[in-house]
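Report on the structure given below.
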Amino acid sequence: MARPVKMMYLESCPYCQQAFSMVEQLVAQHPEYGQVEIETVEESREPEKTKGLNYWYVPTYFVGDEKVLEGVPTLEKVEQVFIRALQS
């Protein structure tokens, strides 16, 4: 059972768009990553969902309460989100 993942992003953020593409690419390469549910929160439209979360840059991924990635994404960093989520 995968742990919950929350991704904070901004619609206008080019790094966030890259992160979405990386997620799609990784799920295509590793079908088991498809079991990880990622809740996406557009922070300017849903600020109430970001309350109490400690981050400054987007995209930011939390696995449970642990911040796993903040800022400029790479394929390796995004893959760590999936790996952490699938660890029990």
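Here, A, B, ... name the chains of the structure tokens in the order displayed, residue numbers run from 1 inside each chain, and ligands are numbered from 1 in the same displayed order.
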message: Can you pull out the residues contacting Glu43 (chain A)? Cut-off 10 Å, using only C-alpha atoms, and skip same-chain residues under 6 positions away; I want them as a list in words.
response: Met7, Met8, Tyr9, Leu10, Glu11, Lys49, Thr50, Lys51 and Val58 of chain A
message: Going by DSSP on the backbone, which residues of region 2-88 of chain A come out as strand (DSSP E)? List them as a list in words.
response: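 Result set for region 2-88 of chain A (strand (DSSP E)): Val5, Lys6, Met7, Met8, Tyr9, Ile38, Glu39, Thr40, Val41, Glu42, Thr60, Tyr61, Phe62, Val63, Glu66, Lys67, Val68, Leu69 and Glu70 of chain A.
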Next, dump the selected residues to file, keeping only all heavy atoms, as a compact mmCIF listing (two decimals), in the first residue's frame.
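Wrote it out as result.txt, contents follow:
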# COMPACT_ATOMS: atom_id res chain seq x y z
N VAL A 5 0.72 10.97 -1.25
CA VAL A 5 1.63 11.99 -1.76
C VAL A 5 0.82 13.24 -2.06
O VAL A 5 -0.28 13.16 -2.63
CB VAL A 5 2.36 11.50 -3.04
CG1 VAL A 5 3.21 12.62 -3.65
CG2 VAL A 5 3.20 10.27 -2.75
N LYS A 6 1.36 14.38 -1.67
CA LYS A 6 0.73 15.66 -1.98
C LYS A 6 1.75 16.50 -2.74
O LYS A 6 2.90 16.61 -2.32
CB LYS A 6 0.31 16.37 -0.69
CG LYS A 6 -0.52 17.62 -0.92
CD LYS A 6 -0.90 18.29 0.39
CE LYS A 6 -2.04 17.55 1.04
NZ LYS A 6 -2.68 18.32 2.11
N MET A 7 1.33 17.06 -3.87
CA MET A 7 2.20 17.91 -4.69
C MET A 7 1.62 19.31 -4.73
O MET A 7 0.49 19.50 -5.17
CB MET A 7 2.31 17.36 -6.10
CG MET A 7 3.08 18.27 -7.04
SD MET A 7 2.75 17.86 -8.77
CE MET A 7 3.87 18.99 -9.59
N MET A 8 2.41 20.28 -4.29
CA MET A 8 2.02 21.67 -4.41
C MET A 8 2.65 22.23 -5.69
O MET A 8 3.82 21.97 -5.98
CB MET A 8 2.55 22.50 -3.22
CG MET A 8 1.58 22.58 -2.07
SD MET A 8 1.02 21.02 -1.46
CE MET A 8 2.47 20.39 -0.74
N TYR A 9 1.84 22.96 -6.46
CA TYR A 9 2.33 23.51 -7.72
C TYR A 9 1.61 24.81 -8.03
O TYR A 9 0.64 25.17 -7.37
CB TYR A 9 2.14 22.50 -8.86
CG TYR A 9 0.71 22.38 -9.35
CD1 TYR A 9 0.29 23.04 -10.50
CD2 TYR A 9 -0.23 21.62 -8.66
CE1 TYR A 9 -1.02 22.94 -10.94
CE2 TYR A 9 -1.53 21.52 -9.09
CZ TYR A 9 -1.93 22.18 -10.23
OH TYR A 9 -3.22 22.09 -10.65
N ILE A 38 -1.21 10.70 -6.28
CA ILE A 38 -0.63 12.02 -6.00
C ILE A 38 -1.75 13.05 -6.00
O ILE A 38 -2.40 13.28 -7.03
CB ILE A 38 0.44 12.39 -7.05
CG1 ILE A 38 1.57 11.36 -7.05
CG2 ILE A 38 0.98 13.80 -6.76
CD1 ILE A 38 2.61 11.57 -8.13
N GLU A 39 -1.99 13.63 -4.83
CA GLU A 39 -2.96 14.73 -4.73
C GLU A 39 -2.25 16.00 -5.16
O GLU A 39 -1.22 16.37 -4.60
CB GLU A 39 -3.47 14.88 -3.29
CG GLU A 39 -4.40 16.06 -3.13
CD GLU A 39 -4.76 16.36 -1.67
OE1 GLU A 39 -4.30 15.66 -0.78
OE2 GLU A 39 -5.50 17.34 -1.47
N THR A 40 -2.78 16.66 -6.18
CA THR A 40 -2.16 17.90 -6.65
C THR A 40 -2.94 19.09 -6.10
O THR A 40 -4.17 19.09 -6.09
CB THR A 40 -2.12 17.97 -8.18
OG1 THR A 40 -3.44 17.82 -8.71
CG2 THR A 40 -1.22 16.88 -8.75
N VAL A 41 -2.19 20.07 -5.60
CA VAL A 41 -2.79 21.26 -4.99
C VAL A 41 -2.22 22.49 -5.69
O VAL A 41 -1.03 22.77 -5.59
CB VAL A 41 -2.47 21.32 -3.48
CG1 VAL A 41 -3.05 22.59 -2.87
CG2 VAL A 41 -2.98 20.08 -2.76
N GLU A 42 -3.07 23.20 -6.43
CA GLU A 42 -2.66 24.46 -7.06
C GLU A 42 -2.73 25.51 -5.96
O GLU A 42 -3.81 25.89 -5.53
CB GLU A 42 -3.59 24.79 -8.23
CG GLU A 42 -2.96 25.58 -9.35
CD GLU A 42 -2.55 27.01 -9.03
OE1 GLU A 42 -2.91 27.57 -7.99
OE2 GLU A 42 -1.85 27.58 -9.88
N THR A 60 6.64 21.14 -4.92
CA THR A 60 7.03 20.48 -3.67
C THR A 60 6.19 19.23 -3.51
O THR A 60 4.97 19.27 -3.71
CB THR A 60 6.84 21.41 -2.46
OG1 THR A 60 7.72 22.52 -2.58
CG2 THR A 60 7.14 20.67 -1.15
N TYR A 61 6.85 18.14 -3.16
CA TYR A 61 6.17 16.86 -2.90
C TYR A 61 6.35 16.47 -1.46
O TYR A 61 7.48 16.48 -0.95
CB TYR A 61 6.77 15.74 -3.76
CG TYR A 61 6.47 15.82 -5.23
CD1 TYR A 61 7.25 16.59 -6.06
CD2 TYR A 61 5.43 15.09 -5.78
CE1 TYR A 61 7.00 16.65 -7.43
CE2 TYR A 61 5.17 15.14 -7.14
CZ TYR A 61 5.96 15.92 -7.96
OH TYR A 61 5.71 15.97 -9.30
N PHE A 62 5.25 16.10 -0.82
CA PHE A 62 5.29 15.52 0.52
C PHE A 62 4.81 14.07 0.40
O PHE A 62 3.82 13.80 -0.27
CB PHE A 62 4.35 16.26 1.47
CG PHE A 62 4.85 17.59 1.93
CD1 PHE A 62 4.57 18.74 1.21
CD2 PHE A 62 5.60 17.71 3.08
CE1 PHE A 62 5.03 19.98 1.62
CE2 PHE A 62 6.07 18.94 3.51
CZ PHE A 62 5.78 20.08 2.78
N VAL A 63 5.53 13.17 1.06
CA VAL A 63 5.07 11.79 1.20
C VAL A 63 4.68 11.67 2.66
O VAL A 63 5.54 11.74 3.55
CB VAL A 63 6.17 10.78 0.83
CG1 VAL A 63 5.68 9.36 1.09
CG2 VAL A 63 6.57 10.94 -0.63
N GLU A 66 6.48 14.00 5.30
CA GLU A 66 7.88 14.22 4.97
C GLU A 66 8.03 14.94 3.62
O GLU A 66 7.51 14.47 2.61
CB GLU A 66 8.61 12.87 4.91
CG GLU A 66 10.05 12.96 4.51
CD GLU A 66 10.67 11.60 4.24
OE1 GLU A 66 9.95 10.59 4.21
OE2 GLU A 66 11.88 11.58 4.04
N LYS A 67 8.74 16.07 3.63
CA LYS A 67 9.02 16.77 2.37
C LYS A 67 10.13 16.01 1.66
O LYS A 67 11.22 15.82 2.20
CB LYS A 67 9.45 18.21 2.65
CG LYS A 67 9.70 19.01 1.40
CD LYS A 67 9.93 20.49 1.64
CE LYS A 67 10.67 20.82 2.87
NZ LYS A 67 10.92 22.25 3.05
N VAL A 68 9.86 15.55 0.43
CA VAL A 68 10.81 14.73 -0.31
C VAL A 68 11.46 15.52 -1.44
O VAL A 68 12.61 15.27 -1.78
CB VAL A 68 10.13 13.45 -0.84
CG1 VAL A 68 11.08 12.61 -1.67
CG2 VAL A 68 9.57 12.63 0.30
N LEU A 69 10.75 16.47 -2.01
CA LEU A 69 11.29 17.25 -3.13
C LEU A 69 10.74 18.66 -3.03
O LEU A 69 9.54 18.84 -2.84
CB LEU A 69 10.89 16.62 -4.46
CG LEU A 69 11.50 17.15 -5.76
CD1 LEU A 69 11.28 16.14 -6.87
CD2 LEU A 69 10.96 18.48 -6.21
N GLU A 70 11.62 19.65 -3.16
CA GLU A 70 11.18 21.05 -3.20
C GLU A 70 12.03 21.78 -4.23
O GLU A 70 13.25 21.74 -4.18
CB GLU A 70 11.34 21.71 -1.83
CG GLU A 70 10.93 23.17 -1.84
CD GLU A 70 10.97 23.81 -0.46
OE1 GLU A 70 11.54 23.23 0.47
OE2 GLU A 70 10.43 24.91 -0.33
query: Quick one: residues within 7 Å of region 17-33 of chain A, only C-alpha atoms counted, chain neighbours fewer than 6 positions away excluded, as a ChimeraX atom specification?
result: /A:73,75,78,82
Would you put the residues from that selection into a file with C-alpha atoms, as a CSV table (one decimal), in the first residue's frame?
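Contents of the output file result-v4.csv:
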chain,number,residue,atom,x,y,z
A,73,PRO,CA,12.8,18.7,-10.3
A,75,LEU,CA,13.9,12.6,-13.0
A,78,VAL,CA,10.8,12.7,-8.7
A,82,PHE,CA,7.6,7.2,-5.8
query: What does the distance from CA of Arg3 (chain A) to CA of Gly34 (chain A) come to in Å, to one decimal?
result: 12.5 Å
message: Between A:Glu76, A:Val81, A:Pro4, A:Gly71, which residue has the minimum interatomic distance to Tyr55 (chain A), considering only C-alpha atoms?
response: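 Smallest separation from Tyr55 (chain A) among the options: A:Gly71.
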